[in-house]
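What follows is my_file.cif (mmCIF, C-alpha atoms and all ligand atoms).
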```cif
data_entry
loop_
_atom_site.label_atom_id
_atom_site.label_comp_id
_atom_site.auth_asym_id
_atom_site.auth_seq_id
_atom_site.Cartn_x
_atom_site.Cartn_y
_atom_site.Cartn_z
CA MET A 1 68.81 -25.28 40.48
CA ALA A 2 71.07 -23.03 42.53
CA ILE A 3 72.13 -19.82 40.80
CA SER A 4 75.85 -19.46 41.52
CA SER A 5 75.88 -15.63 41.35
CA ASN A 6 73.53 -15.69 44.37
CA ASN A 7 76.08 -17.41 46.65
CA PRO A 8 76.04 -15.42 49.93
CA ALA A 9 79.75 -16.17 50.43
CA LEU A 10 80.78 -14.09 47.40
CA SER A 11 82.49 -10.74 47.84
CA SER A 12 83.62 -8.11 45.35
CA TRP A 13 86.78 -6.04 44.87
CA ILE A 14 84.41 -3.07 44.52
CA PRO A 15 83.76 -1.84 48.06
CA ALA A 16 80.22 -2.47 49.28
CA PRO A 17 79.28 -0.74 52.54
CA GLU A 18 77.81 -2.86 55.34
CA GLY A 19 74.07 -3.21 54.84
CA THR A 20 74.13 -1.96 51.24
CA ASP A 21 71.13 -2.80 49.05
CA PHE A 22 73.56 -3.67 46.25
CA PRO A 23 76.08 -6.35 47.22
CA ILE A 24 77.62 -8.47 44.43
CA GLN A 25 74.76 -10.98 44.95
CA ASN A 26 72.26 -8.39 43.67
CA LEU A 27 73.59 -6.96 40.36
CA PRO A 28 70.39 -5.19 39.32
CA PHE A 29 69.99 -3.48 35.96
CA GLY A 30 69.31 0.20 35.31
CA VAL A 31 70.18 3.13 33.04
CA PHE A 32 72.49 5.98 34.05
CA SER A 33 74.36 9.01 32.78
CA ASP A 34 77.21 10.98 34.31
CA ALA A 35 78.42 14.55 34.18
CA GLN A 36 81.12 13.83 31.57
CA ASN A 37 78.82 11.73 29.39
CA PRO A 38 75.15 12.78 29.56
CA ARG A 39 74.08 9.97 27.21
CA PRO A 40 71.85 7.50 29.14
CA ARG A 41 73.21 3.93 28.93
CA PRO A 42 72.60 0.60 30.68
CA ALA A 43 74.27 -0.08 34.00
CA SER A 44 74.52 -2.27 37.04
CA ILE A 45 75.70 -1.35 40.54
CA ILE A 46 77.75 -2.73 43.43
CA GLY A 47 77.65 -0.71 46.65
CA ASN A 48 77.87 2.94 45.53
CA THR A 49 79.70 2.21 42.27
CA VAL A 50 77.83 2.27 38.96
CA ILE A 51 79.00 -0.21 36.30
CA ASP A 52 78.69 0.96 32.68
CA LEU A 53 77.41 -2.01 30.66
CA CYS A 54 77.80 -0.17 27.36
CA ALA A 55 81.50 0.34 28.08
CA LEU A 56 81.91 -3.29 29.20
CA GLU A 57 80.37 -4.46 25.94
CA GLU A 58 82.50 -2.10 23.81
CA LEU A 59 85.65 -3.29 25.58
CA GLY A 60 84.83 -6.90 24.77
CA TYR A 61 83.80 -8.23 28.17
CA PHE A 62 80.64 -9.83 26.75
CA THR A 63 82.28 -11.32 23.65
CA ASN A 64 81.10 -14.89 22.96
CA LEU A 65 78.22 -14.28 25.35
CA LEU A 66 75.94 -11.78 23.64
CA PRO A 67 74.89 -11.90 19.97
CA ALA A 68 77.62 -10.39 17.78
CA ALA A 69 75.19 -9.02 15.18
CA ALA A 70 74.34 -5.81 17.05
CA PRO A 71 75.32 -4.28 20.38
CA VAL A 72 72.85 -4.95 23.21
CA PHE A 73 73.83 -2.19 25.64
CA SER A 74 74.51 0.74 23.27
CA GLY A 75 71.03 2.27 23.49
CA SER A 76 69.30 4.31 26.18
CA THR A 77 67.06 1.51 27.51
CA LEU A 78 67.33 -2.14 28.54
CA ASN A 79 64.74 -3.27 25.96
CA PRO A 80 67.22 -4.93 23.55
CA PHE A 81 68.59 -6.90 26.52
CA LEU A 82 65.08 -7.80 27.70
CA GLN A 83 64.35 -9.29 24.28
CA LEU A 84 67.16 -11.82 24.63
CA GLY A 85 65.41 -13.99 27.25
CA LYS A 86 66.26 -15.58 30.57
CA PRO A 87 69.31 -17.72 29.61
CA LEU A 88 71.19 -14.59 28.44
CA TRP A 89 69.93 -12.43 31.33
CA ARG A 90 71.35 -15.07 33.64
CA ALA A 91 74.62 -15.38 31.69
CA VAL A 92 75.27 -11.62 31.75
CA ARG A 93 74.63 -11.45 35.48
CA GLN A 94 76.99 -14.40 35.97
CA ARG A 95 79.66 -12.66 33.86
CA LEU A 96 79.35 -9.53 36.03
CA SER A 97 79.60 -11.69 39.14
CA ASP A 98 82.83 -13.22 37.79
CA LEU A 99 84.38 -9.93 36.64
CA PHE A 100 83.85 -8.21 39.97
CA ASN A 101 84.57 -11.18 42.23
CA ALA A 102 87.19 -10.44 44.87
CA ASP A 103 89.30 -13.32 43.54
CA ASN A 104 89.44 -11.96 39.97
CA ASP A 105 91.87 -9.09 39.43
CA ALA A 106 91.90 -9.05 35.60
CA LEU A 107 89.65 -6.00 35.29
CA LYS A 108 90.57 -4.69 38.73
CA ASN A 109 94.19 -4.23 37.62
CA ASN A 110 93.29 -2.59 34.30
CA THR A 111 93.04 1.01 35.44
CA ALA A 112 92.38 2.31 31.91
CA HIS A 113 89.35 0.05 31.58
CA CYS A 114 88.15 0.75 35.12
CA ALA A 115 88.14 4.47 34.35
CA LYS A 116 85.76 3.81 31.46
CA ILE A 117 83.52 1.36 33.33
CA LEU A 118 83.17 2.45 36.97
CA PHE A 119 81.48 5.64 38.19
CA PRO A 120 80.72 6.88 41.72
CA LEU A 121 76.94 6.86 42.18
CA GLU A 122 77.06 10.41 43.55
CA ASN A 123 78.22 11.66 40.13
CA CYS A 124 75.47 9.83 38.24
CA SER A 125 71.86 10.43 37.24
CA LEU A 126 69.53 7.45 37.04
CA HIS A 127 66.91 7.21 34.31
CA LEU A 128 63.80 5.17 33.53
CA PRO A 129 65.53 1.90 32.57
CA VAL A 130 63.02 0.55 30.07
CA HIS A 131 60.76 1.86 27.37
CA ILE A 132 57.46 0.65 28.85
CA GLY A 133 55.16 -0.41 26.05
CA ASP A 134 52.18 -1.43 28.16
CA TYR A 135 51.39 -1.10 31.83
CA THR A 136 48.87 -3.24 33.71
CA ASP A 137 47.85 -2.74 37.33
CA PHE A 138 46.46 -5.63 39.36
CA TYR A 139 44.54 -5.63 42.65
CA SER A 140 46.18 -8.66 44.23
CA SER A 141 46.22 -7.97 47.98
CA ARG A 142 43.26 -9.55 49.72
CA GLU A 143 43.74 -7.27 52.72
CA HIS A 144 43.71 -4.17 50.50
CA ALA A 145 40.67 -5.28 48.51
CA THR A 146 38.88 -6.15 51.74
CA ASN A 147 39.71 -2.83 53.41
CA VAL A 148 38.53 -0.82 50.40
CA GLY A 149 35.45 -3.04 50.08
CA ILE A 150 34.52 -2.50 53.74
CA MET A 151 34.88 1.26 53.37
CA PHE A 152 32.78 1.52 50.23
CA ARG A 153 30.35 -1.41 50.36
CA GLY A 154 30.30 -2.63 53.96
CA ALA A 155 31.83 -5.69 55.62
CA ASP A 156 29.27 -8.13 54.21
CA ASN A 157 30.11 -7.35 50.58
CA ALA A 158 33.76 -6.41 50.97
CA LEU A 159 35.14 -8.73 48.27
CA MET A 160 33.44 -8.72 44.87
CA PRO A 161 32.19 -12.18 43.73
CA ASN A 162 35.05 -12.55 41.20
CA TRP A 163 37.89 -11.61 43.53
CA LEU A 164 38.85 -15.05 44.87
CA HIS A 165 38.64 -16.57 41.36
CA LEU A 166 40.85 -14.32 39.25
CA PRO A 167 43.54 -11.65 39.70
CA VAL A 168 41.53 -8.49 38.99
CA GLY A 169 43.41 -5.93 36.91
CA TYR A 170 43.07 -3.06 34.45
CA HIS A 171 45.14 -1.55 31.67
CA GLY A 172 46.97 1.54 32.90
CA ARG A 173 48.92 4.29 31.17
CA SER A 174 52.64 3.85 30.50
CA SER A 175 53.35 7.42 29.29
CA SER A 176 53.18 8.90 32.80
CA ILE A 177 55.43 6.36 34.56
CA VAL A 178 58.46 8.27 35.83
CA VAL A 179 61.69 7.37 37.60
CA SER A 180 62.27 8.02 41.29
CA GLY A 181 63.01 11.66 42.09
CA THR A 182 60.66 13.08 39.46
CA PRO A 183 58.19 15.52 41.09
CA ILE A 184 54.47 14.76 40.78
CA ARG A 185 52.04 17.60 40.10
CA ARG A 186 48.83 17.43 42.12
CA PRO A 187 46.14 16.63 39.57
CA LYS A 188 42.97 18.55 38.92
CA GLY A 189 39.74 16.94 37.93
CA GLN A 190 36.08 16.38 38.54
CA MET A 191 34.90 15.22 41.93
CA GLN A 192 31.60 14.94 43.68
CA LEU A 193 31.86 16.48 47.13
CA GLN A 194 28.46 15.25 48.32
CA ASP A 195 26.29 12.40 47.15
CA GLY A 196 23.54 13.53 44.81
CA GLN A 197 25.20 16.90 44.08
CA PRO A 198 26.71 17.95 40.73
CA PRO A 199 30.48 17.61 40.48
CA VAL A 200 33.00 20.40 41.00
CA PHE A 201 36.35 20.89 39.24
CA GLY A 202 39.61 21.61 41.03
CA PRO A 203 42.77 20.18 42.58
CA SER A 204 42.38 16.73 44.11
CA ARG A 205 41.89 16.96 47.87
CA LEU A 206 42.47 13.26 48.52
CA LEU A 207 45.87 12.58 46.95
CA ASP A 208 47.23 9.18 47.93
CA PHE A 209 50.08 6.76 47.24
CA GLU A 210 49.80 3.03 46.61
CA LEU A 211 52.65 0.79 47.80
CA GLU A 212 53.14 -1.70 44.99
CA MET A 213 55.76 -3.92 43.40
CA ALA A 214 55.95 -4.12 39.61
CA PHE A 215 57.61 -6.69 37.40
CA VAL A 216 59.15 -6.12 33.98
CA THR A 217 58.70 -8.72 31.25
CA GLY A 218 60.85 -10.16 28.53
CA GLN A 219 59.55 -10.87 25.06
CA GLY A 220 56.35 -12.91 25.29
CA LYS A 221 54.69 -15.26 22.84
CA PRO A 222 52.89 -14.37 19.60
CA LEU A 223 49.43 -12.85 19.80
CA GLY A 224 46.92 -15.63 20.40
CA THR A 225 49.33 -17.81 22.43
CA PRO A 226 48.96 -17.96 26.22
CA ILE A 227 51.90 -18.14 28.63
CA ASN A 228 51.04 -20.95 30.98
CA ILE A 229 51.71 -20.75 34.69
CA GLU A 230 54.60 -23.25 34.69
CA GLU A 231 56.58 -21.17 32.19
CA ALA A 232 55.60 -17.72 33.52
CA ASP A 233 58.89 -17.23 35.41
CA ASP A 234 60.83 -17.46 32.13
CA PHE A 235 59.17 -14.21 31.03
CA ILE A 236 59.70 -12.23 34.26
CA PHE A 237 62.96 -10.26 34.11
CA GLY A 238 62.86 -8.45 37.42
CA LEU A 239 61.07 -6.26 39.92
CA MET A 240 60.89 -2.58 40.88
CA LEU A 241 59.27 -0.60 43.66
CA PHE A 242 56.17 1.10 42.30
CA ASN A 243 54.18 4.04 43.69
CA ASP A 244 50.84 4.16 41.92
CA TRP A 245 49.80 7.72 42.85
CA SER A 246 46.02 7.94 43.18
CA ALA A 247 43.53 10.81 43.46
CA ARG A 248 40.81 9.16 45.51
CA ASP A 249 38.17 11.84 44.96
CA ILE A 250 38.63 11.87 41.18
CA GLN A 251 38.71 8.06 41.18
CA LYS A 252 35.50 7.72 43.21
CA TRP A 253 33.47 9.91 40.84
CA GLU A 254 34.78 8.49 37.55
CA TYR A 255 35.42 4.79 38.06
CA GLN A 256 32.06 3.22 37.25
CA PRO A 257 31.52 1.33 35.02
CA LEU A 258 34.89 1.12 33.20
CA GLY A 259 37.36 1.44 36.06
CA PRO A 260 40.12 3.88 37.04
CA PHE A 261 41.08 6.63 34.59
CA LEU A 262 42.23 10.20 35.43
CA GLY A 263 42.46 9.43 39.15
CA LYS A 264 45.39 7.16 38.31
CA ASN A 265 47.10 8.14 35.08
CA PHE A 266 48.64 11.48 36.11
CA GLY A 267 51.75 9.73 37.38
CA SER A 268 53.30 6.54 38.73
CA SER A 269 56.84 6.38 40.12
CA VAL A 270 59.32 3.49 39.88
CA SER A 271 62.65 2.79 41.56
CA PRO A 272 65.59 3.07 39.13
CA TRP A 273 67.09 -0.41 39.49
CA ILE A 274 65.40 -3.58 38.28
CA VAL A 275 66.27 -6.38 40.71
CA THR A 276 66.27 -9.61 38.73
CA LEU A 277 63.92 -12.43 39.62
CA ASP A 278 67.06 -14.61 39.70
CA ALA A 279 68.54 -12.51 42.53
CA LEU A 280 65.27 -12.86 44.45
CA GLU A 281 64.87 -16.64 44.07
CA PRO A 282 66.45 -17.32 47.52
CA PHE A 283 63.58 -15.35 49.08
CA ARG A 284 60.69 -17.39 47.73
CA THR A 285 58.12 -18.24 50.36
CA ALA A 286 54.61 -19.66 50.50
CA ALA A 287 51.82 -17.42 49.24
CA PRO A 288 48.48 -17.39 51.12
CA VAL A 289 46.45 -20.58 50.66
CA GLN A 290 43.81 -20.03 48.00
CA GLU A 291 40.36 -21.17 49.07
CA PRO A 292 38.16 -21.83 47.13
CA ALA A 293 40.53 -23.61 44.76
CA VAL A 294 41.30 -21.63 41.62
CA LEU A 295 40.67 -22.88 38.08
CA PRO A 296 43.32 -25.23 36.64
CA TYR A 297 45.10 -22.59 34.53
CA LEU A 298 45.83 -20.64 37.75
CA GLN A 299 46.95 -23.61 39.86
CA TYR A 300 50.62 -23.90 40.78
CA SER A 301 52.90 -25.76 43.13
CA GLY A 302 55.84 -24.62 45.22
CA ASN A 303 56.67 -21.36 46.95
CA LYS A 304 55.76 -18.49 44.66
CA ALA A 305 55.54 -15.49 46.95
CA LEU A 306 58.59 -13.33 47.72
CA ASN A 307 59.67 -12.25 51.18
CA ILE A 308 60.55 -8.60 50.54
CA ASN A 309 60.28 -6.08 53.37
CA LEU A 310 58.59 -2.85 52.31
CA SER A 311 58.35 0.51 54.03
CA VAL A 312 56.82 3.91 53.28
CA PHE A 313 57.87 7.30 54.62
CA ILE A 314 56.40 10.80 54.37
CA GLN A 315 58.88 13.68 54.43
CA PRO A 316 57.26 17.14 54.67
CA GLU A 317 58.92 20.11 52.95
CA GLY A 318 62.10 20.91 54.91
CA GLY A 319 61.35 18.30 57.59
CA ALA A 320 62.33 14.82 58.65
CA ALA A 321 60.88 11.62 57.18
CA THR A 322 58.41 9.61 59.27
CA GLN A 323 57.86 5.92 58.57
CA ILE A 324 54.12 5.34 58.20
CA CYS A 325 53.92 1.79 56.83
CA SER A 326 55.71 -1.54 57.07
CA SER A 327 54.52 -4.28 54.71
CA ASN A 328 55.80 -7.26 52.70
CA THR A 329 55.22 -8.67 49.21
CA LYS A 330 54.55 -12.09 50.76
CA TYR A 331 51.06 -10.92 51.74
CA LEU A 332 49.91 -10.81 48.09
CA TYR A 333 47.16 -13.36 47.47
CA TRP A 334 47.79 -13.60 43.73
CA THR A 335 51.33 -14.38 42.56
CA MET A 336 53.16 -12.77 39.65
CA GLU A 337 52.97 -16.08 37.80
CA GLN A 338 49.20 -16.18 38.20
CA GLN A 339 48.95 -12.57 37.03
CA LEU A 340 50.94 -13.35 33.89
CA ALA A 341 49.08 -16.60 33.16
CA HIS A 342 45.73 -14.84 33.61
CA HIS A 343 46.79 -11.80 31.55
CA THR A 344 47.68 -13.99 28.56
CA VAL A 345 45.13 -16.83 28.91
CA ASN A 346 42.92 -15.17 26.28
CA GLY A 347 45.86 -14.84 23.87
CA CYS A 348 46.79 -11.27 24.83
CA ASN A 349 50.50 -10.87 24.08
CA ILE A 350 53.14 -9.19 26.20
CA ASN A 351 56.30 -7.53 24.94
CA ALA A 352 59.78 -6.93 26.28
CA GLY A 353 59.57 -3.97 28.65
CA ASP A 354 55.93 -4.29 29.68
CA MET A 355 55.26 -3.49 33.32
CA LEU A 356 52.78 -5.38 35.49
CA ALA A 357 52.15 -3.94 38.94
CA SER A 358 50.79 -5.87 41.92
CA GLY A 359 48.23 -3.46 43.25
CA THR A 360 48.48 -1.97 46.73
CA ILE A 361 50.29 -4.33 49.10
CA SER A 362 48.55 -4.28 52.47
CA GLY A 363 49.23 -6.70 55.29
CA PRO A 364 47.07 -7.93 58.14
CA THR A 365 47.87 -5.20 60.69
CA PRO A 366 46.90 -1.49 60.52
CA ASN A 367 50.56 -0.37 60.26
CA SER A 368 51.00 -2.60 57.21
CA PHE A 369 48.31 -0.95 55.08
CA GLY A 370 49.77 0.28 51.78
CA SER A 371 47.81 3.49 51.17
CA MET A 372 46.70 6.57 53.10
CA LEU A 373 43.10 5.59 52.32
CA GLU A 374 43.57 2.56 54.56
CA LEU A 375 46.16 3.92 57.04
CA THR A 376 43.85 6.82 57.98
CA TRP A 377 40.69 4.82 57.25
CA ARG A 378 39.36 7.31 54.70
CA GLY A 379 40.68 10.25 56.68
CA THR A 380 38.90 9.35 59.93
CA LYS A 381 42.14 8.42 61.78
CA PRO A 382 44.81 10.96 60.80
CA LEU A 383 48.48 9.99 61.06
CA THR A 384 50.83 12.12 63.13
CA LEU A 385 54.26 12.84 61.65
CA SER A 386 57.43 13.30 63.73
CA ASP A 387 57.04 17.11 63.60
CA GLY A 388 53.55 16.81 65.13
CA ALA A 389 51.69 17.61 61.90
CA GLU A 390 48.72 15.44 60.95
CA ARG A 391 48.02 13.85 57.60
CA LYS A 392 44.80 12.36 56.25
CA PHE A 393 46.16 12.31 52.69
CA ILE A 394 49.31 13.69 50.99
CA ALA A 395 50.00 17.43 51.33
CA ASP A 396 51.73 19.70 48.81
CA GLY A 397 55.49 19.63 49.41
CA ASP A 398 55.41 16.12 50.88
CA THR A 399 57.88 13.61 49.52
CA VAL A 400 56.66 9.99 49.62
CA ILE A 401 59.53 7.50 49.87
CA MET A 402 59.23 3.72 49.50
CA LYS A 403 62.02 1.27 50.26
CA GLY A 404 62.34 -2.47 49.93
CA TYR A 405 64.81 -5.26 50.59
CA ALA A 406 65.05 -9.00 51.04
CA GLN A 407 67.51 -10.30 53.62
CA TYR A 408 69.49 -13.54 53.93
CA PRO A 409 69.06 -15.05 57.39
CA GLY A 410 72.10 -14.85 59.63
CA ASN A 411 74.65 -12.63 57.95
CA GLY A 412 72.47 -9.56 57.28
CA LEU A 413 73.20 -9.61 53.54
CA ARG A 414 70.52 -7.63 51.73
CA ILE A 415 69.18 -7.77 48.21
CA GLY A 416 67.66 -4.30 48.07
CA PHE A 417 65.75 -2.08 45.71
CA GLY A 418 67.05 1.30 46.86
CA GLU A 419 64.06 3.58 46.94
CA VAL A 420 61.36 5.26 44.92
CA SER A 421 60.61 8.82 45.95
CA GLY A 422 58.44 11.59 44.58
CA LYS A 423 57.61 15.09 45.81
CA VAL A 424 54.14 16.45 45.37
CA LEU A 425 54.00 19.90 43.77
CA PRO A 426 50.97 22.18 44.14
CA ALA A 427 48.34 22.01 41.41
CA LEU A 428 48.89 24.49 38.56
MN MN B 501 47.31 0.63 41.89
#
```
Will you turn the file into structure tokens for me?
Ligand code: MN
Amino acid sequence: MAISSNNPALSSWIPAPEGTDFPIQNLPFGVFSDAQNPRPRPASIIGNTVIDLCALEELGYFTNLLPAAAPVFSGSTLNPFLQLGKPLWRAVRQRLSDLFNADNDALKNNTAHCAKILFPLENCSLHLPVHIGDYTDFYSSREHATNVGIMFRGADNALMPNWLHLPVGYHGRSSSIVVSGTPIRRPKGQMQLQDGQPPVFGPSRLLDFELEMAFVTGQGKPLGTPINIEEADDFIFGLMLFNDWSARDIQKWEYQPLGPFLGKNFGSSVSPWIVTLDALEPFRTAAPVQEPAVLPYLQYSGNKALNINLSVFIQPEGGAATQICSSNTKYLYWTMEQQLAHHTVNGCNINAGDMLASGTISGPTPNSFGSMLELTWRGTKPLTLSDGAERKFIADGDTVIMKGYAQYPGNGLRIGFGEVSGKVLPAL
């Protein structure tokens, strides 16, 4: 079924610069505040203009669309909206598409309403758009798992015996997920500098990023009730860029036998806008063929990967940004739908506002590896930045920036994510 708000021929009466990540075909969801009104409230965006969804609702633009019992957009997160489910997510996005269509001047000509609804992005602050109840991190890139396996176990045992049979994941920590622009403090912890020696305590020396994509869920099913793979898309609201900061030395010493802990939970950064799965449907593409065949509850048909271009930059303190990675979500071996079906197959429930991240997204070529661990091959092949400085891992003062967009063929129209950035501060 074609989603009419995705029509590439649409244009808006709100100006959208050429090549913007946020044309009227995107209409992502976020939370913003502005200088006059510091109260965080839900928003969308076209070009560089933020659209106040709380004001739109108060002024009656969602009447007969959203439940009348209680306002949906009056709080500081999108969670009440996420609870409503896909038909209403889709209807609200369609209403926004209609209101801001170039052929519709009803709101355009109401200057009093426009003053309450539209805000220049440059005057706004963007906030974490959801209250994240639970966060799960997967390990869904075959190339990433293989690279890490080769480094730590050798080429013959690179993939663990379970890897081709299930999407490996672990429960992460939601409290330390922060919105783009929030600085990240270099963590301290235990690490073993040499095999067989007792550990030392201090600032991590091997601070890394992980290029990931996360999806945000709607309200799932009751505890004890799986979400099957055919219905998984109904529970996926949208996607965000996700930097899963990682302290490799802390991680290496602590991770056996229960998995990552303090090497991961000191901070993860997300982009501020949630791009809906609906807006990304035109960019579905085939995921890698799965061989051996997976168990029936993980089998699917159709194109379930997404063709989203991803890039990573390092910007040293006071310097210029250097692109160090170019990857794509289409390389992921396990799809979001498989992740969700696997996560709930035992009856584990998900809630509106949960976040499920892909794991590091590495592609087949060395410049497409999604972490410093792989890009510098454990520090043995340092990267050179545009100012001539070398990096094996992330230095204090570095800002790591990730960007992502999907692109319609032909006309250059982009459905973008903006960026997720974070600056590393020295350890305390
Ligand atoms: Mn990760």
Worksheet entry | Of the listed residues A:Leu206, A:Ala2, A:Leu56, A:Val345, that which approaches A:Tyr297 most closely, counting all atoms listed in the file | A:Val345
Practice prompt. Return as a count of residues only the residues of protein, DNA or RNA that approach ligand MN 501 (chain B) to within 12 Å, with all atoms listed in the file taken into account.
Written response: 48
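Using only C-alpha atoms, the shortest contact distance between A:Gly422 and any of A:Gln338, A:Thr322, A:Ser180, A:Asn48 is found at A:Ser180.
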What are the closest atom pairs, with distances in Å to one decimal, for each residue of stretch 268-378 of chain A lying within 8 Å of stretch 80-103 of chain A, using only C-alpha atoms, rows by chain and rising residue number, as JSON lines?
```
{"residue": "A:Asp278", "atom": "CA", "partner": "A:Arg90", "partner_atom": "CA", "distance": 7.4}
{"residue": "A:Ala352", "atom": "CA", "partner": "A:Gln83", "partner_atom": "CA", "distance": 5.5}
{"residue": "A:Gly353", "atom": "CA", "partner": "A:Leu82", "partner_atom": "CA", "distance": 6.8}
```
Item to complete: Tell me which of A:Leu375, A:Leu262, A:Ala279, A:Met355 sits closest to A:Ser326, counting all atoms listed in the file.
Response: A:Leu375
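The coordinates place atom CA of A:Lys392 at 14.6 Å from atom CA of A:Pro366.
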Considering only C-alpha atoms, give me a table of residues in stretch 251-290 of chain A that are at most 7 Å from stretch 301-315 of chain A, with the closest atom pair and distance in Å for each, as JSON lines.
```
{"residue": "A:Phe283", "atom": "CA", "partner": "A:Asn307", "partner_atom": "CA", "distance": 5.4}
{"residue": "A:Arg284", "atom": "CA", "partner": "A:Leu306", "partner_atom": "CA", "distance": 4.6}
{"residue": "A:Thr285", "atom": "CA", "partner": "A:Asn303", "partner_atom": "CA", "distance": 4.8}
{"residue": "A:Ala286", "atom": "CA", "partner": "A:Asn303", "partner_atom": "CA", "distance": 4.4}
{"residue": "A:Ala287", "atom": "CA", "partner": "A:Ala305", "partner_atom": "CA", "distance": 4.8}
```
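In this structure, atom CA of A:Ile51 sits 27.6 Å away from atom CA of A:Ser176.
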Worksheet item: So how far away is atom CA of A:Pro257 from atom CA of A:Arg153, in Å?
Response: 15.6 Å
Item to complete: Counting only C-alpha atoms, figure out which residue out of A:Trp273, A:Thr384, A:Lys252, A:Gln197 gets nearest to A:Val420.
Response: A:Trp273
Worksheet entry | Residue neighbourhood A:Asp354, 7 Å, all atoms listed in the file, exclusion window fewer than 6 positions, as a PyMOL selection string | chain A and resi 132-135+216-217
Item to complete: Show which residues sit within 9 Å of A:Glu419, as number ranges by chain. Count all atoms listed in the file, and ignore same-chain residues fewer than 2 positions away.
Response: A: 180, 241, 270-273, 401-404, 416-417, 421
Discussion item. List as number ranges by chain the protein and nucleic acid residues near A:Gly397, meaning an atom at most 12 Å away when all atoms listed in the file are counted, but skip any in the same chain fewer than 4 places from it.
Written reply: A: 183-186, 314-319, 422-427
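By chain and then residue number, the residues within 6 Å of stretch 228-238 of chain A are Lys86, Phe215, Val216, Thr217, Gly218, Ile274, Val275, Thr276, Leu277, Glu337 and Ala341 of chain A, counting all atoms listed in the file and disregarding those fewer than 3 positions away in sequence.
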Set the distance at 12 Å and use only C-alpha atoms: which residues neighbour A:Ala115 once local chain neighbours fewer than 2 positions away are removed? I'd like the list as an mmCIF file with C-alpha atoms, keeping the file's coordinate frame.
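This is the output file around_17.cif:
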```
data_model
loop_
_atom_site.group_PDB
_atom_site.id
_atom_site.type_symbol
_atom_site.label_atom_id
_atom_site.label_comp_id
_atom_site.auth_asym_id
_atom_site.auth_seq_id
_atom_site.Cartn_x
_atom_site.Cartn_y
_atom_site.Cartn_z
ATOM 1 C CA THR A 49 79.700 2.210 42.270
ATOM 2 C CA VAL A 50 77.830 2.270 38.960
ATOM 3 C CA ILE A 51 79.000 -0.210 36.300
ATOM 4 C CA ASP A 52 78.690 0.960 32.680
ATOM 5 C CA ALA A 55 81.500 0.340 28.080
ATOM 6 C CA LEU A 56 81.910 -3.290 29.200
ATOM 7 C CA LEU A 59 85.650 -3.290 25.580
ATOM 8 C CA LEU A 107 89.650 -6.000 35.290
ATOM 9 C CA LYS A 108 90.570 -4.690 38.730
ATOM 10 C CA ASN A 109 94.190 -4.230 37.620
ATOM 11 C CA ASN A 110 93.290 -2.590 34.300
ATOM 12 C CA THR A 111 93.040 1.010 35.440
ATOM 13 C CA ALA A 112 92.380 2.310 31.910
ATOM 14 C CA HIS A 113 89.350 0.050 31.580
ATOM 15 C CA ILE A 117 83.520 1.360 33.330
ATOM 16 C CA LEU A 118 83.170 2.450 36.970
ATOM 17 C CA PHE A 119 81.480 5.640 38.190
ATOM 18 C CA PRO A 120 80.720 6.880 41.720
#
```
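Compared by their closest atoms to A:Lys116, and using all atoms listed in the file, the residues A:Ala35, A:Leu53, A:Leu373, A:Ala70 rank with A:Leu53 nearest.
Checking A:Asn64, A:Thr77, A:Ser12, A:Thr335 one by one against A:Ile45, counting only C-alpha atoms, you find the shortest gap at A:Ser12.
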